[in-house]
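Q: My file is entry-v1.cif. It has mmCIF, C-alpha atoms:
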```
data_entry
#
loop_
_atom_site.label_atom_id
_atom_site.label_comp_id
_atom_site.auth_asym_id
_atom_site.auth_seq_id
_atom_site.Cartn_x
_atom_site.Cartn_y
_atom_site.Cartn_z
CA MET A 1 -31.83 5.26 26.22
CA PRO A 2 -29.17 3.18 27.98
CA HIS A 3 -26.64 3.76 25.19
CA GLN A 4 -26.24 6.42 22.57
CA CYS A 5 -23.72 6.64 19.75
CA THR A 6 -21.50 9.65 20.38
CA GLU A 7 -21.01 10.15 16.65
CA CYS A 8 -24.53 10.28 15.29
CA GLY A 9 -26.71 10.05 18.35
CA HIS A 10 -28.27 6.72 17.38
CA THR A 11 -29.81 5.18 20.47
CA PHE A 12 -30.08 1.56 21.39
CA PRO A 13 -33.38 1.14 23.17
CA ASP A 14 -33.00 -2.57 23.70
CA GLY A 15 -29.53 -2.11 25.23
CA SER A 16 -28.58 -5.26 23.45
CA LYS A 17 -25.67 -6.62 21.48
CA GLU A 18 -26.41 -4.66 18.35
CA MET A 19 -23.90 -1.97 19.20
CA LEU A 20 -21.13 -4.49 19.83
CA SER A 21 -20.55 -4.58 16.11
CA GLY A 22 -20.56 -0.80 15.81
CA CYS A 23 -23.25 1.74 15.20
CA PRO A 24 -25.42 0.58 12.28
CA ASP A 25 -25.87 4.17 11.11
CA CYS A 26 -22.38 5.65 11.18
CA GLY A 27 -20.11 2.76 12.15
CA GLY A 28 -19.00 4.59 15.29
CA ASN A 29 -17.75 2.58 18.21
CA LYS A 30 -18.04 5.04 21.07
CA PHE A 31 -21.25 5.02 23.01
CA LYS A 32 -22.50 7.11 25.84
CA PHE A 33 -24.07 5.19 28.67
CA GLU A 34 -26.93 6.70 30.54
CA PRO A 35 -27.08 4.89 33.84
CA ALA A 36 -30.27 2.91 34.11
CA ALA A 37 -30.67 3.87 37.76
CA ASP A 38 -30.83 7.57 36.90
CA ALA A 39 -33.52 7.09 34.32
CA ARG A 40 -35.39 4.74 36.59
CA GLU A 41 -35.22 7.00 39.59
CA ALA A 42 -36.14 10.01 37.53
CA SER A 43 -39.13 8.32 35.99
CA ALA A 44 -40.10 6.76 39.29
CA ALA A 45 -39.95 10.10 40.99
CA ARG A 46 -41.89 11.66 38.17
CA SER A 47 -44.56 8.99 38.28
CA ALA A 48 -44.72 9.09 42.04
CA ASP A 49 -45.37 12.79 41.90
CA GLU A 50 -48.02 12.27 39.28
CA ARG A 51 -49.64 9.54 41.33
CA THR A 52 -49.76 11.52 44.51
CA ASP A 53 -51.19 14.46 42.63
CA ALA A 54 -53.68 12.28 40.85
CA ALA A 55 -54.62 10.33 43.96
CA ALA A 56 -55.28 13.54 45.75
CA THR A 57 -57.80 14.56 43.15
CA ASP A 58 -59.91 11.93 41.45
CA HIS A 59 -58.23 8.52 41.19
CA PRO A 60 -59.76 6.51 44.02
CA PRO A 61 -62.89 5.77 41.95
CA ASP A 62 -60.74 5.09 38.90
CA ASP A 63 -60.87 1.31 39.32
CA PRO A 64 -60.00 0.31 35.75
CA ALA A 65 -56.77 2.20 36.08
CA ALA A 66 -56.06 0.34 39.28
CA THR A 67 -56.58 -3.07 37.72
CA GLN A 68 -54.48 -2.37 34.65
CA PRO A 69 -51.06 -2.15 36.25
CA PRO A 70 -50.74 -5.85 37.14
CA PRO A 71 -50.63 -7.00 33.50
CA ALA A 72 -47.91 -4.48 32.93
CA THR A 73 -45.87 -6.05 35.73
CA ASP A 74 -45.22 -9.01 33.46
CA GLY A 75 -42.87 -6.81 31.57
CA PRO A 76 -42.98 -5.38 28.10
CA ASN A 77 -42.49 -8.74 26.39
CA ASP A 78 -45.22 -10.65 28.15
CA ALA A 79 -47.75 -7.90 28.54
CA PRO A 80 -51.21 -8.72 27.25
CA PRO A 81 -52.55 -6.64 24.39
CA ASP A 82 -54.36 -4.29 26.69
CA GLY A 83 -51.27 -3.60 28.77
CA PRO A 84 -49.27 -1.39 26.45
CA PRO A 85 -52.06 1.01 25.56
CA THR A 86 -52.64 1.81 29.19
CA THR A 87 -48.97 2.42 29.82
CA ASP A 88 -48.70 4.42 26.64
CA SER A 89 -51.44 6.66 27.73
CA ASP A 90 -49.95 7.27 31.14
CA ALA A 91 -46.23 7.29 30.47
CA PRO A 92 -43.75 7.78 27.65
CA ALA A 93 -43.02 4.63 25.69
CA ALA A 94 -39.34 5.18 26.31
CA VAL A 95 -39.78 4.24 29.94
CA GLU A 96 -41.06 0.84 28.94
CA THR A 97 -38.25 0.16 26.49
CA GLU A 98 -35.70 1.25 29.03
CA ASP A 99 -37.08 -1.31 31.38
CA GLY A 100 -36.61 -3.99 28.77
CA ALA A 101 -33.05 -2.88 28.20
CA GLN A 102 -32.33 -2.80 31.88
CA ALA A 103 -33.77 -6.22 32.44
CA ASN A 104 -31.84 -7.54 29.46
CA ALA A 105 -28.62 -5.96 30.61
CA ARG A 106 -29.04 -7.32 34.12
CA ARG A 107 -29.81 -10.81 32.92
CA ASP A 108 -27.04 -10.96 30.35
CA VAL A 109 -24.16 -9.24 31.99
CA ALA A 110 -24.50 -8.18 35.56
CA SER A 111 -26.59 -10.92 37.10
CA SER A 112 -23.74 -12.95 38.53
CA ASP A 113 -21.16 -10.25 39.00
CA ASP A 114 -23.15 -7.45 40.45
CA PRO A 115 -26.41 -8.48 42.07
CA ALA A 116 -26.25 -5.55 44.44
CA VAL A 117 -26.85 -3.16 41.59
CA GLY A 118 -30.24 -4.66 40.96
CA ALA A 119 -30.99 -5.18 44.63
CA ALA A 120 -30.25 -1.70 45.84
CA PRO A 121 -32.88 0.18 43.90
CA ASN A 122 -35.26 -2.68 44.49
CA SER A 123 -35.07 -2.27 48.21
CA GLU A 124 -35.82 1.40 47.77
CA HIS A 125 -38.97 0.74 45.84
CA THR A 126 -40.54 -2.34 47.34
CA PRO A 127 -41.63 -0.79 50.59
CA ALA A 128 -43.31 2.00 48.72
CA SER A 129 -47.03 2.00 48.78
CA ASP A 130 -46.89 2.59 45.03
CA ASP A 131 -46.81 -1.16 44.53
CA SER A 132 -50.31 -1.57 45.71
CA ALA A 133 -51.39 1.76 44.38
CA THR A 134 -52.44 2.62 40.89
CA SER A 135 -49.07 3.57 39.50
CA ASP A 136 -48.46 1.55 36.39
CA ASP A 137 -45.05 3.17 35.96
CA SER A 138 -43.84 2.18 39.35
CA ALA A 139 -45.45 -1.24 38.98
CA THR A 140 -43.59 -1.81 35.76
CA LEU A 141 -40.36 -0.66 37.30
CA SER A 142 -40.72 -2.80 40.36
CA ALA A 143 -41.48 -5.78 38.16
CA GLY A 144 -38.31 -5.21 36.21
CA GLU A 145 -36.32 -4.86 39.38
CA THR A 146 -37.84 -7.66 41.32
CA ASP A 147 -37.46 -10.14 38.47
CA PRO A 148 -33.96 -11.29 39.39
CA SER A 149 -34.57 -11.38 43.11
CA ALA A 150 -37.96 -13.02 42.72
CA ASP A 151 -36.56 -15.99 40.83
CA PRO A 152 -35.80 -18.18 43.84
CA THR A 153 -39.24 -17.73 45.25
CA ASP A 154 -41.24 -18.16 42.09
CA PRO A 155 -41.09 -21.71 40.75
CA ALA A 156 -42.96 -20.90 37.55
CA ASP A 157 -40.59 -18.09 36.70
CA ASP A 158 -37.69 -20.22 37.78
CA GLY A 159 -38.08 -22.79 35.05
CA ASP A 160 -38.53 -20.30 32.26
CA ALA A 161 -35.84 -18.03 33.53
CA SER A 162 -33.27 -20.78 33.93
CA ASP A 163 -33.84 -21.97 30.37
CA ALA A 164 -33.64 -18.47 29.01
CA ASP A 165 -30.72 -17.57 31.23
CA GLY A 166 -28.86 -20.71 30.21
CA ALA A 167 -29.26 -19.88 26.54
CA ASP A 168 -28.36 -16.27 27.16
CA ASP A 169 -25.31 -17.20 29.21
CA ALA A 170 -24.07 -19.52 26.47
CA GLU A 171 -24.66 -16.84 23.90
CA MET A 172 -22.83 -14.25 25.97
CA ALA A 173 -19.94 -16.62 26.63
CA ALA A 174 -19.59 -17.22 22.90
CA LEU A 175 -19.79 -13.51 22.24
CA ARG A 176 -17.14 -12.75 24.84
CA GLN A 177 -14.89 -15.40 23.39
CA GLU A 178 -15.37 -13.93 19.95
CA LEU A 179 -14.52 -10.47 21.21
CA ASP A 180 -11.47 -11.79 23.07
CA ASP A 181 -10.29 -13.47 19.91
CA GLN A 182 -10.90 -10.32 17.96
CA PHE A 183 -9.19 -7.87 20.24
CA GLU A 184 -6.47 -9.79 21.99
CA SER A 185 -3.22 -9.21 20.16
CA ILE A 186 -1.17 -11.91 21.87
CA LYS A 187 -2.86 -14.81 23.58
CA ILE A 188 -0.64 -16.72 25.97
CA LEU A 189 -1.86 -20.31 25.91
CA GLU A 190 0.88 -21.34 28.31
CA PRO A 191 4.46 -20.21 28.81
CA GLY A 192 6.14 -20.66 25.46
CA GLN A 193 2.92 -21.05 23.48
CA TYR A 194 1.41 -17.99 21.90
CA GLU A 195 -1.30 -17.12 19.45
CA LEU A 196 -0.92 -13.83 17.65
CA ASN A 197 -3.53 -11.62 16.12
CA LEU A 198 -1.55 -9.92 13.37
CA MET A 199 -4.18 -7.36 12.49
CA GLU A 200 -4.47 -6.29 16.09
CA LEU A 201 -0.70 -6.08 16.47
CA TYR A 202 -0.55 -4.02 13.31
CA ASN A 203 -3.37 -1.71 14.34
CA ARG A 204 -2.06 -1.04 17.83
CA GLU A 205 -0.58 2.35 18.53
CA GLU A 206 1.51 1.01 21.37
CA TYR A 207 4.33 -1.37 20.73
CA ILE A 208 4.70 -4.57 22.75
CA ILE A 209 8.39 -4.84 23.49
CA ALA A 210 8.61 -7.56 26.11
CA LEU A 211 6.47 -10.41 27.34
CA GLN A 212 6.80 -11.31 31.01
CA GLU A 213 6.79 -14.75 32.55
CA ASP A 214 3.59 -14.05 34.46
CA GLY A 215 1.56 -13.19 31.39
CA GLN A 216 2.04 -9.46 31.67
CA TYR A 217 3.74 -7.54 28.94
CA VAL A 218 5.66 -4.34 28.61
CA ILE A 219 4.62 -1.81 26.04
CA ASP A 220 6.26 1.27 24.73
CA VAL A 221 3.73 4.02 24.33
CA PRO A 222 3.74 5.90 21.05
CA GLY A 223 5.02 9.16 22.52
CA SER A 224 8.27 7.73 23.80
CA TRP A 225 8.70 5.43 20.82
CA HIS A 226 8.39 8.23 18.35
CA GLY A 227 10.67 10.40 20.40
CA GLU A 228 13.73 8.29 19.61
CA MET B 1 0.86 4.70 8.57
CA GLY B 2 1.30 6.43 11.87
CA LEU B 3 0.69 10.13 11.95
CA PHE B 4 4.07 10.91 13.39
CA ALA B 5 5.88 8.66 10.93
CA GLY B 6 4.10 10.37 8.06
CA LEU B 7 4.97 13.79 9.43
CA ARG B 8 8.58 12.83 9.96
CA LYS B 9 8.77 11.53 6.42
CA SER B 10 7.26 14.73 5.03
CA ILE B 11 9.73 16.88 6.97
CA SER B 12 12.69 14.78 5.91
CA ASN B 13 11.52 14.99 2.31
CA LEU B 14 11.28 18.74 2.63
CA PHE B 15 14.84 19.19 3.76
CA SER B 16 16.53 16.34 1.95
CA SER B 17 18.45 17.18 -1.13
CA GLY B 18 19.32 14.69 -3.79
CA GLN B 19 18.59 11.02 -3.45
CA GLN B 20 16.18 9.90 -0.81
CA GLN B 21 17.03 7.02 1.47
CA GLN B 22 14.40 4.32 1.24
CA ARG B 23 13.83 2.01 4.13
CA ILE B 24 12.98 -1.40 2.81
CA GLY B 25 11.56 -4.03 5.13
CA ILE B 26 12.29 -7.65 4.41
CA TYR B 27 9.20 -9.53 5.49
CA GLY B 28 7.88 -13.03 5.27
CA PRO B 29 7.11 -16.15 7.27
CA PRO B 30 9.79 -17.81 9.43
CA ASN B 31 12.53 -19.71 7.62
CA ALA B 32 11.84 -18.18 4.23
CA GLY B 33 15.44 -16.96 4.00
CA LYS B 34 15.02 -13.31 4.94
CA THR B 35 18.27 -13.02 6.88
CA THR B 36 20.15 -14.94 4.22
CA LEU B 37 18.86 -12.46 1.65
CA ALA B 38 19.66 -9.47 3.86
CA ASN B 39 23.17 -10.78 4.39
CA ARG B 40 23.56 -11.42 0.68
CA ILE B 41 22.53 -7.88 -0.21
CA ALA B 42 24.64 -6.32 2.54
CA ARG B 43 27.72 -8.38 1.66
CA ASP B 44 27.39 -7.69 -2.05
CA TRP B 45 27.22 -3.93 -1.59
CA THR B 46 28.93 -3.14 1.71
CA GLY B 47 30.96 -6.20 2.64
CA ASP B 48 29.18 -6.56 6.00
CA ALA B 49 26.57 -8.98 7.24
CA VAL B 50 23.28 -8.21 8.94
CA GLY B 51 22.79 -11.14 11.29
CA PRO B 52 23.23 -14.85 11.91
CA GLU B 53 21.41 -17.36 9.72
CA SER B 54 19.97 -20.63 10.90
CA HIS B 55 17.78 -23.47 9.73
CA ILE B 56 15.90 -23.25 13.04
CA PRO B 57 12.84 -21.02 12.70
CA HIS B 58 12.77 -17.65 14.45
CA GLU B 59 16.53 -17.23 14.50
CA THR B 60 15.90 -13.52 13.94
CA ARG B 61 13.93 -12.27 16.90
CA ARG B 62 14.72 -8.60 16.71
CA ALA B 63 14.59 -6.39 13.64
CA ARG B 64 18.07 -5.61 12.36
CA ARG B 65 18.87 -2.72 10.14
CA LYS B 66 21.69 -2.20 7.71
CA GLU B 67 21.86 1.38 6.59
CA ASP B 68 23.04 3.19 3.55
CA ILE B 69 23.34 0.43 1.00
CA GLU B 70 23.78 1.87 -2.47
CA ILE B 71 22.67 -0.43 -5.25
CA GLU B 72 23.48 0.46 -8.83
CA ARG B 73 21.93 -1.22 -11.82
CA ASN B 74 21.62 -0.19 -15.46
CA GLY B 75 22.51 3.39 -14.71
CA LYS B 76 19.94 3.50 -11.91
CA SER B 77 21.06 3.92 -8.37
CA VAL B 78 19.11 3.48 -5.15
CA ASN B 79 20.13 4.15 -1.60
CA ILE B 80 18.36 1.87 0.84
CA ASP B 81 18.33 0.84 4.46
CA ILE B 82 17.34 -2.76 4.72
CA VAL B 83 15.46 -3.98 7.76
CA ASP B 84 15.64 -7.70 8.35
CA THR B 85 12.53 -8.50 10.38
CA PRO B 86 11.61 -11.53 12.47
CA GLY B 87 9.47 -14.08 10.68
CA VAL B 88 5.79 -13.40 11.06
CA ALA B 89 3.53 -16.18 12.32
CA THR B 90 0.14 -16.50 13.95
CA LYS B 91 1.34 -19.18 16.35
CA VAL B 92 4.60 -19.64 18.17
CA ASP B 93 5.13 -22.86 20.11
CA TYR B 94 8.23 -23.79 22.08
CA GLU B 95 7.73 -27.45 21.15
CA GLU B 96 8.76 -26.54 17.63
CA PHE B 97 12.19 -25.66 19.00
CA ILE B 98 12.42 -28.74 21.15
CA GLU B 99 12.22 -30.70 17.91
CA HIS B 100 15.48 -28.98 17.01
CA ASP B 101 17.20 -30.47 20.07
CA MET B 102 16.75 -27.45 22.24
CA GLU B 103 16.31 -27.62 26.03
CA LYS B 104 12.83 -26.71 27.24
CA ASP B 105 13.91 -23.55 29.06
CA ASP B 106 15.75 -22.32 26.00
CA ALA B 107 12.84 -23.26 23.77
CA VAL B 108 10.35 -21.36 25.94
CA ARG B 109 12.60 -18.31 26.02
CA ARG B 110 13.11 -18.45 22.27
CA SER B 111 9.39 -18.75 21.80
CA ARG B 112 8.76 -15.68 23.93
CA GLU B 113 11.40 -13.69 22.11
CA ALA B 114 10.04 -14.81 18.76
CA THR B 115 6.59 -13.58 19.76
CA GLU B 116 8.05 -10.24 20.75
CA GLY B 117 9.80 -10.24 17.40
CA VAL B 118 6.54 -10.68 15.51
CA ALA B 119 5.06 -7.76 17.44
CA GLU B 120 8.10 -5.70 16.53
CA ALA B 121 7.91 -6.68 12.87
CA MET B 122 4.26 -5.66 12.71
CA HIS B 123 5.06 -2.37 14.36
CA TRP B 124 7.84 -1.64 11.86
CA LEU B 125 5.44 -2.37 9.05
CA ARG B 126 3.00 0.13 10.45
CA GLU B 127 5.44 2.89 11.22
CA ASP B 128 8.70 2.74 9.52
CA VAL B 129 9.13 1.19 6.09
CA ASP B 130 8.88 2.74 2.65
CA GLY B 131 8.77 -0.48 0.71
CA VAL B 132 8.64 -4.21 1.27
CA ILE B 133 10.50 -7.20 -0.05
CA TYR B 134 8.28 -10.16 0.75
CA VAL B 135 10.30 -13.34 0.88
CA LEU B 136 8.74 -16.76 0.42
CA ASP B 137 10.17 -20.24 0.38
CA SER B 138 9.41 -21.56 -3.12
CA ALA B 139 9.19 -25.08 -1.80
CA GLU B 140 6.38 -24.21 0.62
CA ASP B 141 2.70 -23.54 0.02
CA PRO B 142 2.27 -19.75 -0.28
CA PHE B 143 -1.49 -19.88 0.36
CA THR B 144 -1.34 -19.27 4.09
CA GLN B 145 -3.18 -16.96 6.44
CA VAL B 146 0.01 -15.11 7.33
CA ASN B 147 0.98 -14.45 3.72
CA THR B 148 -2.49 -13.37 2.71
CA MET B 149 -2.85 -11.08 5.70
CA LEU B 150 0.58 -9.49 5.46
CA VAL B 151 0.41 -8.88 1.74
CA GLY B 152 -3.07 -7.45 2.29
CA ILE B 153 -1.75 -5.05 4.94
CA ILE B 154 1.12 -4.00 2.68
CA GLU B 155 -1.30 -3.38 -0.16
CA SER B 156 -3.58 -1.38 2.09
CA GLN B 157 -0.62 0.89 2.88
CA ASP B 158 0.12 1.39 -0.80
CA LEU B 159 3.70 0.36 -0.21
CA PRO B 160 5.71 -0.84 -3.18
CA VAL B 161 6.25 -4.57 -2.80
CA LEU B 162 8.31 -7.20 -4.53
CA ILE B 163 7.64 -10.88 -3.98
CA PHE B 164 10.85 -12.88 -3.80
CA ALA B 165 10.46 -16.59 -4.51
CA ASN B 166 13.49 -17.77 -2.58
CA LYS B 167 15.16 -21.19 -2.38
CA ILE B 168 14.76 -21.99 -6.06
CA ASP B 169 17.74 -24.30 -5.63
CA LEU B 170 15.48 -26.73 -3.75
CA GLU B 171 14.00 -29.67 -5.60
CA ASP B 172 10.42 -28.94 -4.58
CA ALA B 173 10.61 -25.28 -5.53
CA SER B 174 7.72 -23.92 -7.60
CA ILE B 175 7.94 -20.33 -8.74
CA GLN B 176 4.66 -20.63 -10.58
CA ARG B 177 2.81 -21.51 -7.38
CA ILE B 178 3.95 -18.23 -5.84
CA LYS B 179 3.08 -16.29 -8.97
CA ASN B 180 -0.38 -17.82 -8.84
CA ALA B 181 -0.78 -16.85 -5.21
CA PHE B 182 0.08 -13.18 -5.78
CA PRO B 183 -0.55 -12.45 -9.45
CA GLN B 184 -0.97 -8.76 -8.72
CA HIS B 185 2.70 -8.41 -7.77
CA GLU B 186 5.98 -8.96 -9.50
CA THR B 187 7.60 -12.22 -8.46
CA VAL B 188 11.36 -12.54 -8.62
CA PRO B 189 12.89 -16.04 -8.35
CA LEU B 190 16.19 -16.37 -6.52
CA SER B 191 18.34 -18.38 -4.23
CA ALA B 192 19.82 -16.05 -1.65
CA LEU B 193 21.90 -18.89 -0.27
CA GLU B 194 23.44 -19.82 -3.63
CA GLY B 195 23.40 -16.32 -5.08
CA GLU B 196 21.26 -17.37 -8.04
CA ASN B 197 19.53 -14.69 -10.09
CA MET B 198 20.84 -11.86 -7.92
CA ASP B 199 21.29 -9.64 -10.97
CA GLU B 200 17.56 -9.57 -11.52
CA VAL B 201 17.03 -9.07 -7.78
CA TYR B 202 19.10 -5.89 -7.81
CA GLU B 203 17.53 -4.69 -11.03
CA LYS B 204 14.09 -4.99 -9.55
CA ILE B 205 15.14 -3.34 -6.29
CA ALA B 206 16.57 -0.39 -8.21
CA GLU B 207 13.48 -0.23 -10.40
CA TYR B 208 10.89 -0.51 -7.62
CA PHE B 209 12.51 1.42 -4.82
CA GLY B 210 14.67 3.86 -6.74
#
```
Take the structure in the file and write it out as structure tokens.
A:
Amino acid sequence: MPHQCTECGHTFPDGSKEMLSGCPDCGGNKFKFEPAADAREASAARSADERTDAAATDHPPDDPAATQPPPATDGPNDAPPDGPPTTDSDAPAAVETEDGAQANARRDVASSDDPAVGAAPNSEHTPASDDSATSDDSATLSAGETDPSADPTDPADDGDASDADGADDAEMAALRQELDDQFESIKILEPGQYELNLMELYNREEYIIALQEDGQYVIDVPGSWHGE
Amino acid sequence: MGLFAGLRKSISNLFSSGQQQQRIGIYGPPNAGKTTLANRIARDWTGDAVGPESHIPHETRRARRKEDIEIERNGKSVNIDIVDTPGVATKVDYEEFIEHDMEKDDAVRRSREATEGVAEAMHWLREDVDGVIYVLDSAEDPFTQVNTMLVGIIESQDLPVLIFANKIDLEDASIQRIKNAFPQHETVPLSALEGENMDEVYEKIAEYFG
């Protein structure tokens, strides 16, 4: 649950662009963000506890369980048909969808700006013996986390990822442009050339009273304006 | 309408006795003749002017208000403040002013001030007018984004609005074209510059905003 509508509680399991046009249920535009790292760490910790408990009891002979995690490392989208049932049986489905949302969010938004965010948790998990152990949860998580960092070393992934990333980047750039156009009330093309969004100017509480040479502008906040 | 503006209006209504002062915003695209109209109204009823007129667009870059104009027509009387607002546009370009023999620095400054003026006009529309006179140049195409959007905003506020088809003294003027563009509103033809049809203008103002 990376995002949740604060009005009606609608969640956005894919963490995608759906909410950019408002909540489909109630039209709300405020969303609560549940940091992916928290959910990941919580679930990782939970699964690690489960694994250690399970390993201590009867899992060593449980070979099928040990061979199932690798398919799940391909991620929720690429997982073979037998992947999801095994993860479903061992972990809540929400964990898997969160991974998809996290991977999507990293690829679309934070890949260039904030690689450290993805790298930090990754470094915490990779040394863990869970990778080679039977934990399908931790395997899935590490796959989601290692995806971005593994790109340079994996030529097969590289090709696919660059195509997909290119398309995604273009899509995101277009989306950002659309949002800029939609929400920017005065666009300064160059000094002396302006584009105005009348609806945005009309809808604004604050009142733009002076444009500066450097592209900044001075606003009068409603409280002082009304206090005249 | 802003919450505070609505509250202020309610309080002033509560304590006001007798005739209520209506604040009428004169809106429209640049060079439609808004200031000429404002000056005409102010001169006819108070003897004063509101602001300078010019054939160069965006001459009015700050909203100007003329208060306490009493208009009487056919036994009806209305007390109004008129607010002459800067012309509203979606683009302001200094090169437009250079075409009017203006130096670049002056043109850029005028462009910036005009943009601030549009922001101010939109803010007035949101917060501080009780009715709107929407002025259009009869010789220009009324089917523009600005006109459609502004009239839409005014309608969404449920403000009384009169469409003034100005500059009927021009050869290319077409009142019918404006009527066709906004059939849902009353269109009043006039020439603010020449003073044509001002009787009907005042009748309609008294009728709509009285």
Q: Can you list every residue of chain B that has an atom at most 9 Å from chain A, with its nearest atom pair and the distance in Å to one decimal, using only C-alpha atoms, ordered by chain then number, as a Markdown table?
A:
```
| residue | atom | partner | partner_atom | distance |
| --- | --- | --- | --- | --- |
| B:Gly2 | CA | A:Glu205 | CA | 8.0 |
| B:Phe4 | CA | A:His226 | CA | 7.1 |
| B:Ala5 | CA | A:His226 | CA | 7.8 |
| B:Val88 | CA | A:Leu198 | CA | 8.4 |
| B:Ala89 | CA | A:Leu196 | CA | 7.3 |
| B:Thr90 | CA | A:Leu196 | CA | 4.7 |
| B:Lys91 | CA | A:Glu195 | CA | 4.6 |
| B:Val92 | CA | A:Tyr194 | CA | 5.2 |
| B:Asp93 | CA | A:Gln193 | CA | 4.4 |
| B:Tyr94 | CA | A:Gly192 | CA | 5.1 |
| B:Glu95 | CA | A:Gly192 | CA | 8.2 |
| B:Ala107 | CA | A:Gly192 | CA | 7.4 |
| B:Val108 | CA | A:Gly192 | CA | 4.3 |
| B:Arg109 | CA | A:Gly192 | CA | 6.9 |
| B:Arg110 | CA | A:Gly192 | CA | 8.0 |
| B:Ser111 | CA | A:Gly192 | CA | 5.3 |
| B:Arg112 | CA | A:Gly192 | CA | 5.8 |
| B:Glu113 | CA | A:Ala210 | CA | 7.8 |
| B:Thr115 | CA | A:Tyr194 | CA | 7.1 |
| B:Glu116 | CA | A:Ala210 | CA | 6.0 |
| B:Gly117 | CA | A:Ile209 | CA | 8.3 |
| B:Val118 | CA | A:Leu196 | CA | 8.4 |
| B:Ala119 | CA | A:Leu201 | CA | 6.1 |
| B:Glu120 | CA | A:Ile209 | CA | 7.0 |
| B:Ala121 | CA | A:Tyr202 | CA | 8.9 |
| B:Met122 | CA | A:Tyr202 | CA | 5.1 |
| B:His123 | CA | A:Tyr202 | CA | 5.9 |
| B:Trp124 | CA | A:Tyr202 | CA | 8.8 |
| B:Leu125 | CA | A:Tyr202 | CA | 7.5 |
| B:Arg126 | CA | A:Tyr202 | CA | 6.2 |
| B:Val146 | CA | A:Leu198 | CA | 8.1 |
| B:Met149 | CA | A:Met199 | CA | 7.9 |
| B:Leu150 | CA | A:Leu198 | CA | 8.2 |
| B:Ile153 | CA | A:Met199 | CA | 8.3 |
```
Q: So that I have them on file, write out the residues from the current selection with C-alpha atoms, as a PDB file, in the frame of the given file.
A:
```pdb
ATOM      1  CA  GLY B   2       1.300   6.430  11.870  1.00  0.00           C
ATOM      2  CA  PHE B   4       4.070  10.910  13.390  1.00  0.00           C
ATOM      3  CA  ALA B   5       5.880   8.660  10.930  1.00  0.00           C
ATOM      4  CA  VAL B  88       5.790 -13.400  11.060  1.00  0.00           C
ATOM      5  CA  ALA B  89       3.530 -16.180  12.320  1.00  0.00           C
ATOM      6  CA  THR B  90       0.140 -16.500  13.950  1.00  0.00           C
ATOM      7  CA  LYS B  91       1.340 -19.180  16.350  1.00  0.00           C
ATOM      8  CA  VAL B  92       4.600 -19.640  18.170  1.00  0.00           C
ATOM      9  CA  ASP B  93       5.130 -22.860  20.110  1.00  0.00           C
ATOM     10  CA  TYR B  94       8.230 -23.790  22.080  1.00  0.00           C
ATOM     11  CA  GLU B  95       7.730 -27.450  21.150  1.00  0.00           C
ATOM     12  CA  ALA B 107      12.840 -23.260  23.770  1.00  0.00           C
ATOM     13  CA  VAL B 108      10.350 -21.360  25.940  1.00  0.00           C
ATOM     14  CA  ARG B 109      12.600 -18.310  26.020  1.00  0.00           C
ATOM     15  CA  ARG B 110      13.110 -18.450  22.270  1.00  0.00           C
ATOM     16  CA  SER B 111       9.390 -18.750  21.800  1.00  0.00           C
ATOM     17  CA  ARG B 112       8.760 -15.680  23.930  1.00  0.00           C
ATOM     18  CA  GLU B 113      11.400 -13.690  22.110  1.00  0.00           C
ATOM     19  CA  THR B 115       6.590 -13.580  19.760  1.00  0.00           C
ATOM     20  CA  GLU B 116       8.050 -10.240  20.750  1.00  0.00           C
ATOM     21  CA  GLY B 117       9.800 -10.240  17.400  1.00  0.00           C
ATOM     22  CA  VAL B 118       6.540 -10.680  15.510  1.00  0.00           C
ATOM     23  CA  ALA B 119       5.060  -7.760  17.440  1.00  0.00           C
ATOM     24  CA  GLU B 120       8.100  -5.700  16.530  1.00  0.00           C
ATOM     25  CA  ALA B 121       7.910  -6.680  12.870  1.00  0.00           C
ATOM     26  CA  MET B 122       4.260  -5.660  12.710  1.00  0.00           C
ATOM     27  CA  HIS B 123       5.060  -2.370  14.360  1.00  0.00           C
ATOM     28  CA  TRP B 124       7.840  -1.640  11.860  1.00  0.00           C
ATOM     29  CA  LEU B 125       5.440  -2.370   9.050  1.00  0.00           C
ATOM     30  CA  ARG B 126       3.000   0.130  10.450  1.00  0.00           C
ATOM     31  CA  VAL B 146       0.010 -15.110   7.330  1.00  0.00           C
ATOM     32  CA  MET B 149      -2.850 -11.080   5.700  1.00  0.00           C
ATOM     33  CA  LEU B 150       0.580  -9.490   5.460  1.00  0.00           C
ATOM     34  CA  ILE B 153      -1.750  -5.050   4.940  1.00  0.00           C
TER      35      ILE B 153
END
```
Q: Taking 3 positions as the minimum chain separation for residues in the same chain, which residues sit within 10 Å of B:Lys34 when counting all atoms listed in the file? Answer as a list in words.
A: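 So, after excluding close chain neighbours, the residues are Gly25, Ile26, Tyr27, Gly28, Pro29, Pro30, Asn31, Leu37, Ala38, Asn39, Arg40, Glu53, Thr60, Val83, Asp84, Thr85, Pro86, Gly87, Ile133, Tyr134, Val135, Leu136, Asp137, Phe164, Asn166 and Ala192 of chain B.
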Q: Rounded to one decimal, what separation in Å do you get between atom CA of B:Asp199 and atom CA of B:Arg73?
A: 8.5 Å
Q: Do you have the atom CA of B:Asp81-atom CA of B:Asn197 distance handy?
A: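 If I compute the distance from atom CA of B:Asp81 to atom CA of B:Asn197, I get 21.3 Å.
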Q: Which polymer residues have any atom within 10 Å of an atom of B:Asp169, counting only C-alpha atoms, with same-chain residues fewer than 3 positions away left out, as a ChimeraX atom specification?
A: /B:138-139,166,172-173,189-196
